[in-house]
Amino acid sequence: VKPPRPAGAVIAGAFQGAAQGLGELQRTLEERAREDAAIFANSAANETRLTYLKRFQELSETAEPGATGFTDKLLEEYDNYADRVLEGAPELARKQLTVSLSNFRASLGSDAIGFEAKSRADKVANDFQTGLNVARNSLVSRPDLFDQTIIDQEMTIGALRLPEGVKAELLGDARAGLARSAAQGLIEQNPYAARDDLVAGRFDQFIKPDDKASLLNGAQSEIKRREAEAKRAALEARAILQGDAKAAFMDEIEAASQGQVAIPEIESKLRTAFEPDKAQAMLEQIDRSRALYAAGQEIALASPEEEAALLARFTPEGEGFAIEAKEHDALRRAIIEKRNALATDSAGYVMRHSPEVRAKFPALSGS
């Protein structure tokens with residue numbers, strides 16, 4: 001049997017047990033506090049990441065072309081937000097939360113830098129394309145500036161801070177576009193020269209075979225269109241010229257039938273407007289009308305034999321038969337009218353038509 005413990009020893013043991021219990025409780029509370037802090041830090045970090053992933057998307061969608069200052073703006077805003085999150089965090093959570101927020105900041109910054117760089121590259125490419133379009137439009141009106149324009153674009157692309165692959169693609173597209181515009185402008189100005197340049201291969205190093213074929217076809221079509229237009233215009237001009245000449249011819253025929261000349265330059269008008277044979281036939285018809293008028297004047301005092309000779313002279317034949325037949329008939333009727341007048345009043349007829357008789361008998365001619 002063990003001897004009984006002293007009362008002091010019992011009390012000391014009780015205090016020792018209580019102290020151990022308090023220590024365990026303290027450790028438990030501390031562990032719980034660390035656990036709660038870790039959970040808080042994780043939740044706050046996740047919430048921050050989600051917030052700024054959305055914010056990144058919002059800002060990137062509304063960014064100006066080139067996104068100048070995008071990264072600085074985003075990170076400044078993020079830092080302010082992160083500071084507020086840390087200020088509201090428990091002391092035990094701040095270390096873990098600081099690490100998490102710092103790590104996410106690095107990732108966010110990298111994404112922002114990448115976005116800003118791409119936006120800048122896109123803006124540079126778009127700005128270059130805008131200038132290139134202006135150059136292409138200029139070449140349509142001034143294709144002779146093609147060589148200098150190519151040099152200018154090559155210098156510009158060389159100065160751009162873009163990946164070499166992107167620059168090579170830009171240069172290829174620029175050369176092809178400028179070549180097509182210059183060729184198109186040349187087609188509009190001088191399709192014959194454009195066709196010759198394309199056939200000679202002037203643009204072959206810049207454009208694809210399909211583009212060359214299309215441009216060559218365009219040049220050929222423009223040539224045909226212009227030739228057809230020129231032919232149509234020539235036909236219209238000739239029709240107008242012939243219409244005017246025909247009207248002048250009819251006026252001259254009418255004047256010739258009265259012993260007059262309506263248009264002194266009638267011969268040049270007819271020879272300019274009509275084929276040589278047709279113009280000659282029309283001039284002969286005018287001469288015939290003049291001769292017919294002269295014959296009509298001769299009939300007045302002609303003998304029967306002379307009348308017969310005049311009728312034979314104007315016998316219709318060959319081309320222009322219908323017109324000549326009318327002339328012949330008019331001459332025949334003039335002879336009949338003359339004979340009727342002589343039968344009715346021979347002395348009066350002679351007085352009216354003979355200048356010699358009127359000169360000898362002026363008193364009678366005035367009666």
# chains A, B, ... in the order shown; residues from 1 in each chain; ligands from 1
>>> residues_around(residues="A:Ala291", least_positions_apart="5", cutoff="9 Å", atoms="only C-alpha atoms", output="PyMOL selection string")
chain A and resi 256-257+259+286+296
>>> write_last_selection(atoms="N, CA, C and O atoms", output="PDB file, in the first residue's frame")
ATOM      1  N   ALA A 256     -30.992  74.521-158.384  1.00  0.00           N
ATOM      2  CA  ALA A 256     -30.547  74.244-159.753  1.00  0.00           C
ATOM      3  C   ALA A 256     -31.720  74.215-160.717  1.00  0.00           C
ATOM      4  O   ALA A 256     -31.603  74.635-161.879  1.00  0.00           O
ATOM      5  N   SER A 257     -32.876  73.737-160.238  1.00  0.00           N
ATOM      6  CA  SER A 257     -34.062  73.686-161.113  1.00  0.00           C
ATOM      7  C   SER A 257     -34.581  75.079-161.441  1.00  0.00           C
ATOM      8  O   SER A 257     -35.425  75.239-162.328  1.00  0.00           O
ATOM      9  N   GLY A 259     -32.221  77.615-161.833  1.00  0.00           N
ATOM     10  CA  GLY A 259     -31.074  78.306-162.395  1.00  0.00           C
ATOM     11  C   GLY A 259     -30.234  79.028-161.364  1.00  0.00           C
ATOM     12  O   GLY A 259     -29.497  79.962-161.709  1.00  0.00           O
ATOM     13  N   ILE A 286     -27.147  66.995-159.678  1.00  0.00           N
ATOM     14  CA  ILE A 286     -27.247  68.462-159.586  1.00  0.00           C
ATOM     15  C   ILE A 286     -26.940  69.083-160.948  1.00  0.00           C
ATOM     16  O   ILE A 286     -27.644  69.997-161.417  1.00  0.00           O
ATOM     17  N   GLY A 296     -34.727  73.932-170.399  1.00  0.00           N
ATOM     18  CA  GLY A 296     -36.060  74.553-170.365  1.00  0.00           C
ATOM     19  C   GLY A 296     -36.035  75.949-170.940  1.00  0.00           C
ATOM     20  O   GLY A 296     -36.995  76.392-171.596  1.00  0.00           O
TER      21      GLY A 296
END
>>> select_by_dssp(residues="stretch 184-284 of chain A", states="helix (DSSP H, G or I)", output="PDB file with C-alpha atoms, in the first residue's frame")
ATOM      1  CA  GLN A 184      -6.603  49.269-112.776  1.00  0.00           C
ATOM      2  CA  GLY A 185      -5.782  52.965-113.072  1.00  0.00           C
ATOM      3  CA  LEU A 186      -3.769  52.294-116.209  1.00  0.00           C
ATOM      4  CA  ILE A 187      -6.671  50.311-117.660  1.00  0.00           C
ATOM      5  CA  GLU A 188      -8.983  53.279-117.116  1.00  0.00           C
ATOM      6  CA  GLN A 189      -6.500  55.739-118.641  1.00  0.00           C
ATOM      7  CA  PRO A 191      -6.113  50.087-121.708  1.00  0.00           C
ATOM      8  CA  TYR A 192      -3.732  49.442-124.607  1.00  0.00           C
ATOM      9  CA  ALA A 193      -0.696  50.356-122.481  1.00  0.00           C
ATOM     10  CA  ALA A 194      -2.137  48.373-119.556  1.00  0.00           C
ATOM     11  CA  ARG A 195      -2.547  45.298-121.745  1.00  0.00           C
ATOM     12  CA  ASP A 196       1.017  45.600-123.021  1.00  0.00           C
ATOM     13  CA  ASP A 197       2.434  46.042-119.482  1.00  0.00           C
ATOM     14  CA  LEU A 198       0.505  43.040-118.172  1.00  0.00           C
ATOM     15  CA  VAL A 199       1.539  40.846-121.087  1.00  0.00           C
ATOM     16  CA  ALA A 200       5.167  41.949-120.615  1.00  0.00           C
ATOM     17  CA  PRO A 209      -1.522  34.670-111.781  1.00  0.00           C
ATOM     18  CA  ASP A 210      -5.299  34.771-111.183  1.00  0.00           C
ATOM     19  CA  ASP A 211      -5.132  38.509-110.483  1.00  0.00           C
ATOM     20  CA  LYS A 212      -3.049  39.052-113.604  1.00  0.00           C
ATOM     21  CA  ALA A 213      -5.559  37.127-115.711  1.00  0.00           C
ATOM     22  CA  SER A 214      -8.423  39.145-114.254  1.00  0.00           C
ATOM     23  CA  LEU A 215      -6.665  42.469-114.921  1.00  0.00           C
ATOM     24  CA  LEU A 216      -5.718  41.426-118.443  1.00  0.00           C
ATOM     25  CA  ASN A 217      -9.324  40.486-119.103  1.00  0.00           C
ATOM     26  CA  GLY A 218     -10.369  43.899-117.767  1.00  0.00           C
ATOM     27  CA  ALA A 219      -7.945  45.641-120.143  1.00  0.00           C
ATOM     28  CA  GLN A 220      -9.233  43.653-123.114  1.00  0.00           C
ATOM     29  CA  SER A 221     -12.843  44.437-122.176  1.00  0.00           C
ATOM     30  CA  GLU A 222     -12.065  48.152-121.881  1.00  0.00           C
ATOM     31  CA  ILE A 223     -10.352  48.111-125.268  1.00  0.00           C
ATOM     32  CA  LYS A 224     -13.396  46.471-126.860  1.00  0.00           C
ATOM     33  CA  ARG A 225     -15.712  48.908-125.110  1.00  0.00           C
ATOM     34  CA  ARG A 226     -13.755  51.918-126.311  1.00  0.00           C
ATOM     35  CA  GLU A 227     -13.523  50.611-129.848  1.00  0.00           C
ATOM     36  CA  ALA A 228     -17.255  49.944-129.904  1.00  0.00           C
ATOM     37  CA  GLU A 229     -17.910  53.412-128.469  1.00  0.00           C
ATOM     38  CA  ALA A 230     -15.633  55.016-131.038  1.00  0.00           C
ATOM     39  CA  LYS A 231     -17.338  53.091-133.824  1.00  0.00           C
ATOM     40  CA  ARG A 232     -20.770  54.088-132.564  1.00  0.00           C
ATOM     41  CA  ALA A 233     -19.721  57.728-132.255  1.00  0.00           C
ATOM     42  CA  ALA A 234     -18.250  57.651-135.755  1.00  0.00           C
ATOM     43  CA  LEU A 235     -21.454  56.171-137.144  1.00  0.00           C
ATOM     44  CA  GLU A 236     -23.525  58.803-135.358  1.00  0.00           C
ATOM     45  CA  ALA A 237     -21.262  61.596-136.588  1.00  0.00           C
ATOM     46  CA  ARG A 238     -21.383  60.231-140.125  1.00  0.00           C
ATOM     47  CA  ALA A 239     -25.163  59.914-139.970  1.00  0.00           C
ATOM     48  CA  ILE A 240     -25.421  63.553-138.877  1.00  0.00           C
ATOM     49  CA  LEU A 241     -22.952  64.592-141.569  1.00  0.00           C
ATOM     50  CA  GLN A 242     -24.867  62.681-144.225  1.00  0.00           C
ATOM     51  CA  GLY A 243     -28.169  64.100-142.992  1.00  0.00           C
ATOM     52  CA  ASP A 244     -26.830  67.631-143.335  1.00  0.00           C
ATOM     53  CA  ALA A 245     -25.325  66.845-146.730  1.00  0.00           C
ATOM     54  CA  LYS A 246     -28.577  65.271-147.917  1.00  0.00           C
ATOM     55  CA  ALA A 247     -30.524  68.384-146.901  1.00  0.00           C
ATOM     56  CA  ALA A 248     -27.960  70.567-148.682  1.00  0.00           C
ATOM     57  CA  PHE A 249     -28.253  68.341-151.740  1.00  0.00           C
ATOM     58  CA  MET A 250     -32.023  68.732-151.870  1.00  0.00           C
ATOM     59  CA  ASP A 251     -31.672  72.509-151.486  1.00  0.00           C
ATOM     60  CA  GLU A 252     -29.146  72.558-154.308  1.00  0.00           C
ATOM     61  CA  ILE A 253     -31.407  70.455-156.541  1.00  0.00           C
ATOM     62  CA  GLU A 254     -34.246  72.896-155.938  1.00  0.00           C
ATOM     63  CA  ALA A 255     -31.973  75.868-156.612  1.00  0.00           C
ATOM     64  CA  ALA A 256     -30.547  74.244-159.753  1.00  0.00           C
ATOM     65  CA  ILE A 266     -21.948  71.579-152.096  1.00  0.00           C
ATOM     66  CA  GLU A 267     -19.313  69.429-153.796  1.00  0.00           C
ATOM     67  CA  SER A 268     -17.026  69.301-150.742  1.00  0.00           C
ATOM     68  CA  LYS A 269     -20.016  68.589-148.481  1.00  0.00           C
ATOM     69  CA  LEU A 270     -21.126  65.626-150.561  1.00  0.00           C
ATOM     70  CA  ARG A 271     -17.644  64.188-151.044  1.00  0.00           C
ATOM     71  CA  THR A 272     -16.980  64.453-147.277  1.00  0.00           C
ATOM     72  CA  ALA A 273     -20.254  62.801-146.286  1.00  0.00           C
ATOM     73  CA  PRO A 276     -16.908  58.643-153.806  1.00  0.00           C
ATOM     74  CA  ASP A 277     -19.315  56.889-156.181  1.00  0.00           C
ATOM     75  CA  LYS A 278     -22.425  58.085-154.367  1.00  0.00           C
ATOM     76  CA  ALA A 279     -21.113  61.638-154.040  1.00  0.00           C
ATOM     77  CA  GLN A 280     -20.267  61.693-157.731  1.00  0.00           C
ATOM     78  CA  ALA A 281     -23.749  60.455-158.650  1.00  0.00           C
ATOM     79  CA  MET A 282     -25.351  63.192-156.535  1.00  0.00           C
ATOM     80  CA  LEU A 283     -23.153  65.873-158.111  1.00  0.00           C
ATOM     81  CA  GLU A 284     -24.099  64.585-161.561  1.00  0.00           C
TER      82      GLU A 284
END
>>> residues_around(residues="A:Glu35", least_positions_apart="6", cutoff="10 Å", atoms="only C-alpha atoms", output="list in words")
Leu29, Ala41, Leu92 and Ala93 of chain A
>>> write_last_selection(atoms="all heavy atoms", output="JSON list (two decimals), in the first residue's frame")
[["chain", "number", "residue", "atom", "x", "y", "z"],
["A", 29, "LEU", "N", -7.58, 26.86, -30.16],
["A", 29, "LEU", "CA", -8.10, 28.16, -30.61],
["A", 29, "LEU", "C", -7.19, 28.78, -31.66],
["A", 29, "LEU", "O", -7.66, 29.36, -32.65],
["A", 29, "LEU", "CB", -8.25, 29.10, -29.41],
["A", 29, "LEU", "CG", -9.35, 28.72, -28.41],
["A", 29, "LEU", "CD1", -9.32, 29.65, -27.20],
["A", 29, "LEU", "CD2", -10.72, 28.73, -29.07],
["A", 41, "ALA", "N", -8.44, 34.07, -46.39],
["A", 41, "ALA", "CA", -7.48, 34.52, -47.40],
["A", 41, "ALA", "C", -7.77, 33.89, -48.76],
["A", 41, "ALA", "O", -7.72, 34.55, -49.81],
["A", 41, "ALA", "CB", -6.06, 34.19, -46.96],
["A", 92, "LEU", "N", -4.09, 37.43, -39.16],
["A", 92, "LEU", "CA", -3.50, 36.14, -39.52],
["A", 92, "LEU", "C", -3.65, 35.82, -41.00],
["A", 92, "LEU", "O", -2.89, 35.02, -41.54],
["A", 92, "LEU", "CB", -4.16, 35.03, -38.67],
["A", 92, "LEU", "CG", -3.82, 35.02, -37.18],
["A", 92, "LEU", "CD1", -4.59, 33.90, -36.47],
["A", 92, "LEU", "CD2", -2.32, 34.82, -36.97],
["A", 93, "ALA", "N", -4.64, 36.45, -41.71],
["A", 93, "ALA", "CA", -4.89, 36.13, -43.13],
["A", 93, "ALA", "C", -4.07, 37.00, -44.08],
["A", 93, "ALA", "O", -3.94, 36.69, -45.26],
["A", 93, "ALA", "CB", -6.38, 36.31, -43.43]]
>>> atom_distance(atom1="atom CA of A:Ala182", atom2="atom CA of A:Leu160")
24.6 Å
>>> residues_around(residues="A:Leu101", least_positions_apart="3", cutoff="7 Å", atoms="only C-alpha atoms", output="VMD selection string")
chain A and resid 45 82 97 to 98 104 to 105
>>> write_last_selection(atoms="N, CA and C atoms", output="PDB file, in the first residue's frame")
ATOM      1  N   ALA A  45      -8.975  35.969 -51.926  1.00  0.00           N
ATOM      2  CA  ALA A  45      -8.137  35.911 -53.125  1.00  0.00           C
ATOM      3  C   ALA A  45      -8.964  35.454 -54.337  1.00  0.00           C
ATOM      4  N   ALA A  82      -6.921  45.844 -54.039  1.00  0.00           N
ATOM      5  CA  ALA A  82      -6.227  44.868 -53.194  1.00  0.00           C
ATOM      6  C   ALA A  82      -5.891  45.465 -51.826  1.00  0.00           C
ATOM      7  N   LEU A  97      -2.850  36.143 -47.830  1.00  0.00           N
ATOM      8  CA  LEU A  97      -3.628  36.907 -48.807  1.00  0.00           C
ATOM      9  C   LEU A  97      -2.716  37.808 -49.642  1.00  0.00           C
ATOM     10  N   THR A  98      -1.683  38.371 -48.969  1.00  0.00           N
ATOM     11  CA  THR A  98      -0.736  39.224 -49.693  1.00  0.00           C
ATOM     12  C   THR A  98      -0.013  38.445 -50.776  1.00  0.00           C
ATOM     13  N   PHE A 104      -1.424  36.922 -58.219  1.00  0.00           N
ATOM     14  CA  PHE A 104      -2.452  37.201 -59.232  1.00  0.00           C
ATOM     15  C   PHE A 104      -2.144  38.513 -59.969  1.00  0.00           C
ATOM     16  N   ARG A 105      -1.568  39.473 -59.223  1.00  0.00           N
ATOM     17  CA  ARG A 105      -1.203  40.736 -59.863  1.00  0.00           C
ATOM     18  C   ARG A 105      -0.192  40.508 -60.976  1.00  0.00           C
TER      19      ARG A 105
END
>>> atom_distance(atom1="atom CA of A:Leu171", atom2="atom CA of A:Asn190")
27.7 Å
>>> atom_distance(atom1="atom CA of A:Ala63", atom2="atom CA of A:Phe115")
10.2 Å
>>> closest_atom_pairs(of="stretch 87-171 of chain A", to="stretch 69-76 of chain A", cutoff="10 Å", atoms="only C-alpha atoms", output="JSON lines")
{"residue": "A:Arg105", "atom": "CA", "partner": "A:Leu75", "partner_atom": "CA", "distance": 7.5}
{"residue": "A:Ala106", "atom": "CA", "partner": "A:Leu75", "partner_atom": "CA", "distance": 9.5}
{"residue": "A:Leu108", "atom": "CA", "partner": "A:Leu75", "partner_atom": "CA", "distance": 7.9}
{"residue": "A:Gly109", "atom": "CA", "partner": "A:Thr71", "partner_atom": "CA", "distance": 6.5}
{"residue": "A:Ser110", "atom": "CA", "partner": "A:Thr71", "partner_atom": "CA", "distance": 8.7}
{"residue": "A:Asp111", "atom": "CA", "partner": "A:Thr71", "partner_atom": "CA", "distance": 8.7}
{"residue": "A:Ala112", "atom": "CA", "partner": "A:Thr71", "partner_atom": "CA", "distance": 5.1}
{"residue": "A:Ile113", "atom": "CA", "partner": "A:Thr71", "partner_atom": "CA", "distance": 5.8}
{"residue": "A:Gly114", "atom": "CA", "partner": "A:Thr71", "partner_atom": "CA", "distance": 9.1}
{"residue": "A:Phe115", "atom": "CA", "partner": "A:Phe70", "partner_atom": "CA", "distance": 8.4}
{"residue": "A:Glu116", "atom": "CA", "partner": "A:Phe70", "partner_atom": "CA", "distance": 6.3}
{"residue": "A:Ala117", "atom": "CA", "partner": "A:Thr71", "partner_atom": "CA", "distance": 9.8}
{"residue": "A:Ser119", "atom": "CA", "partner": "A:Phe70", "partner_atom": "CA", "distance": 9.7}
>>> residues_around(residues="A:Ala37", least_positions_apart="6", cutoff="12 Å", atoms="only C-alpha atoms", output="PyMOL selection string")
chain A and resi 30-31+43-45+89-97
>>> write_last_selection(atoms="N, CA and C atoms", output="mmCIF file, in the first residue's frame")
data_model
loop_
_atom_site.group_PDB
_atom_site.id
_atom_site.type_symbol
_atom_site.label_atom_id
_atom_site.label_comp_id
_atom_site.auth_asym_id
_atom_site.auth_seq_id
_atom_site.Cartn_x
_atom_site.Cartn_y
_atom_site.Cartn_z
ATOM 1 N N GLU A 30 -5.888 28.637 -31.442
ATOM 2 C CA GLU A 30 -4.939 29.201 -32.414
ATOM 3 C C GLU A 30 -5.038 28.481 -33.761
ATOM 4 N N GLU A 31 -5.174 27.158 -33.679
ATOM 5 C CA GLU A 31 -5.292 26.386 -34.923
ATOM 6 C C GLU A 31 -6.561 26.773 -35.672
ATOM 7 N N SER A 43 -10.705 32.677 -49.810
ATOM 8 C CA SER A 43 -11.954 33.216 -50.348
ATOM 9 C C SER A 43 -11.753 34.622 -50.900
ATOM 10 N N ALA A 44 -11.045 35.458 -50.139
ATOM 11 C CA ALA A 44 -10.809 36.832 -50.579
ATOM 12 C C ALA A 44 -9.979 36.857 -51.859
ATOM 13 N N ALA A 45 -8.975 35.969 -51.926
ATOM 14 C CA ALA A 45 -8.137 35.911 -53.125
ATOM 15 C C ALA A 45 -8.964 35.454 -54.337
ATOM 16 N N ALA A 89 -8.911 42.446 -43.972
ATOM 17 C CA ALA A 89 -8.615 41.047 -43.679
ATOM 18 C C ALA A 89 -8.099 40.905 -42.250
ATOM 19 N N PRO A 90 -8.357 39.760 -41.587
ATOM 20 C CA PRO A 90 -7.789 39.482 -40.259
ATOM 21 C C PRO A 90 -6.270 39.492 -40.334
ATOM 22 N N GLU A 91 -5.634 39.780 -39.225
ATOM 23 C CA GLU A 91 -4.188 39.872 -39.194
ATOM 24 C C GLU A 91 -3.532 38.577 -39.651
ATOM 25 N N LEU A 92 -4.087 37.433 -39.156
ATOM 26 C CA LEU A 92 -3.500 36.141 -39.516
ATOM 27 C C LEU A 92 -3.652 35.823 -41.001
ATOM 28 N N ALA A 93 -4.636 36.448 -41.714
ATOM 29 C CA ALA A 93 -4.892 36.130 -43.130
ATOM 30 C C ALA A 93 -4.070 36.995 -44.077
ATOM 31 N N ARG A 94 -3.480 38.051 -43.522
ATOM 32 C CA ARG A 94 -2.876 39.034 -44.420
ATOM 33 C C ARG A 94 -1.640 38.507 -45.144
ATOM 34 N N LYS A 95 -0.828 37.704 -44.452
ATOM 35 C CA LYS A 95 0.374 37.209 -45.099
ATOM 36 C C LYS A 95 0.021 36.325 -46.293
ATOM 37 N N GLN A 96 -0.853 35.346 -46.061
ATOM 38 C CA GLN A 96 -1.258 34.437 -47.147
ATOM 39 C C GLN A 96 -1.978 35.216 -48.238
ATOM 40 N N LEU A 97 -2.850 36.143 -47.830
ATOM 41 C CA LEU A 97 -3.628 36.907 -48.807
ATOM 42 C C LEU A 97 -2.716 37.808 -49.642
#
>>> closest_residue(among="A:Gln297, A:Gln285, A:Ser303, A:Thr315", to="A:Ala334", atoms="only C-alpha atoms")
A:Gln297
>>> decode(residues="stretch 42-111 of chain A", atoms="C-alpha atoms", output="PDB file, in the first residue's frame")
ATOM      1  CA  ASN A  42      -8.408  31.896 -49.983  1.00  0.00           C
ATOM      2  CA  SER A  43     -11.954  33.216 -50.348  1.00  0.00           C
ATOM      3  CA  ALA A  44     -10.809  36.832 -50.579  1.00  0.00           C
ATOM      4  CA  ALA A  45      -8.137  35.911 -53.125  1.00  0.00           C
ATOM      5  CA  ASN A  46     -10.652  33.922 -55.223  1.00  0.00           C
ATOM      6  CA  GLU A  47     -13.187  36.752 -55.060  1.00  0.00           C
ATOM      7  CA  THR A  48     -10.510  39.251 -56.094  1.00  0.00           C
ATOM      8  CA  ARG A  49      -9.408  37.068 -58.988  1.00  0.00           C
ATOM      9  CA  LEU A  50     -12.982  36.668 -60.230  1.00  0.00           C
ATOM     10  CA  THR A  51     -13.651  40.401 -59.886  1.00  0.00           C
ATOM     11  CA  TYR A  52     -10.597  41.385 -61.856  1.00  0.00           C
ATOM     12  CA  LEU A  53     -10.915  38.727 -64.493  1.00  0.00           C
ATOM     13  CA  LYS A  54     -14.337  40.256 -65.226  1.00  0.00           C
ATOM     14  CA  ARG A  55     -12.908  43.741 -64.958  1.00  0.00           C
ATOM     15  CA  PHE A  56     -10.132  42.843 -67.373  1.00  0.00           C
ATOM     16  CA  GLN A  57     -12.755  41.635 -69.854  1.00  0.00           C
ATOM     17  CA  GLU A  58     -14.813  44.832 -69.456  1.00  0.00           C
ATOM     18  CA  LEU A  59     -11.860  47.149 -69.926  1.00  0.00           C
ATOM     19  CA  SER A  60     -10.467  45.207 -72.870  1.00  0.00           C
ATOM     20  CA  GLU A  61     -13.826  45.361 -74.675  1.00  0.00           C
ATOM     21  CA  THR A  62     -14.079  49.144 -74.237  1.00  0.00           C
ATOM     22  CA  ALA A  63     -10.418  50.016 -74.753  1.00  0.00           C
ATOM     23  CA  GLU A  64      -9.522  52.585 -77.410  1.00  0.00           C
ATOM     24  CA  PRO A  65      -7.604  51.341 -80.469  1.00  0.00           C
ATOM     25  CA  GLY A  66      -4.027  50.717 -79.397  1.00  0.00           C
ATOM     26  CA  ALA A  67      -5.061  50.451 -75.706  1.00  0.00           C
ATOM     27  CA  THR A  68      -2.490  53.050 -74.681  1.00  0.00           C
ATOM     28  CA  GLY A  69      -1.959  52.976 -70.886  1.00  0.00           C
ATOM     29  CA  PHE A  70      -4.225  49.941 -70.469  1.00  0.00           C
ATOM     30  CA  THR A  71      -1.795  48.023 -68.242  1.00  0.00           C
ATOM     31  CA  ASP A  72      -0.988  50.952 -65.952  1.00  0.00           C
ATOM     32  CA  LYS A  73      -4.639  51.834 -65.527  1.00  0.00           C
ATOM     33  CA  LEU A  74      -5.691  48.262 -64.774  1.00  0.00           C
ATOM     34  CA  LEU A  75      -2.904  47.597 -62.262  1.00  0.00           C
ATOM     35  CA  GLU A  76      -3.424  50.918 -60.497  1.00  0.00           C
ATOM     36  CA  GLU A  77      -7.078  50.104 -60.091  1.00  0.00           C
ATOM     37  CA  TYR A  78      -6.228  46.572 -58.952  1.00  0.00           C
ATOM     38  CA  ASP A  79      -3.696  47.800 -56.374  1.00  0.00           C
ATOM     39  CA  ASN A  80      -6.273  50.113 -54.812  1.00  0.00           C
ATOM     40  CA  TYR A  81      -8.779  47.301 -54.672  1.00  0.00           C
ATOM     41  CA  ALA A  82      -6.227  44.868 -53.194  1.00  0.00           C
ATOM     42  CA  ASP A  83      -5.239  47.386 -50.514  1.00  0.00           C
ATOM     43  CA  ARG A  84      -8.837  47.652 -49.407  1.00  0.00           C
ATOM     44  CA  VAL A  85      -9.179  43.878 -49.309  1.00  0.00           C
ATOM     45  CA  LEU A  86      -6.032  43.570 -47.161  1.00  0.00           C
ATOM     46  CA  GLU A  87      -7.188  46.304 -44.804  1.00  0.00           C
ATOM     47  CA  GLY A  88     -10.378  44.384 -44.145  1.00  0.00           C
ATOM     48  CA  ALA A  89      -8.615  41.047 -43.679  1.00  0.00           C
ATOM     49  CA  PRO A  90      -7.789  39.482 -40.259  1.00  0.00           C
ATOM     50  CA  GLU A  91      -4.188  39.872 -39.194  1.00  0.00           C
ATOM     51  CA  LEU A  92      -3.500  36.141 -39.516  1.00  0.00           C
ATOM     52  CA  ALA A  93      -4.892  36.130 -43.130  1.00  0.00           C
ATOM     53  CA  ARG A  94      -2.876  39.034 -44.420  1.00  0.00           C
ATOM     54  CA  LYS A  95       0.374  37.209 -45.099  1.00  0.00           C
ATOM     55  CA  GLN A  96      -1.258  34.437 -47.147  1.00  0.00           C
ATOM     56  CA  LEU A  97      -3.628  36.907 -48.807  1.00  0.00           C
ATOM     57  CA  THR A  98      -0.736  39.224 -49.693  1.00  0.00           C
ATOM     58  CA  VAL A  99       1.086  36.364 -51.396  1.00  0.00           C
ATOM     59  CA  SER A 100      -2.042  35.316 -53.316  1.00  0.00           C
ATOM     60  CA  LEU A 101      -2.905  38.852 -54.384  1.00  0.00           C
ATOM     61  CA  SER A 102       0.705  39.512 -55.435  1.00  0.00           C
ATOM     62  CA  ASN A 103       0.833  36.330 -57.500  1.00  0.00           C
ATOM     63  CA  PHE A 104      -2.452  37.201 -59.232  1.00  0.00           C
ATOM     64  CA  ARG A 105      -1.203  40.736 -59.863  1.00  0.00           C
ATOM     65  CA  ALA A 106       1.766  39.343 -61.734  1.00  0.00           C
ATOM     66  CA  SER A 107      -0.530  37.168 -63.863  1.00  0.00           C
ATOM     67  CA  LEU A 108      -2.975  40.030 -64.430  1.00  0.00           C
ATOM     68  CA  GLY A 109      -0.142  42.357 -65.401  1.00  0.00           C
ATOM     69  CA  SER A 110       1.224  39.832 -67.868  1.00  0.00           C
ATOM     70  CA  ASP A 111      -2.193  39.446 -69.504  1.00  0.00           C
TER      71      ASP A 111
END
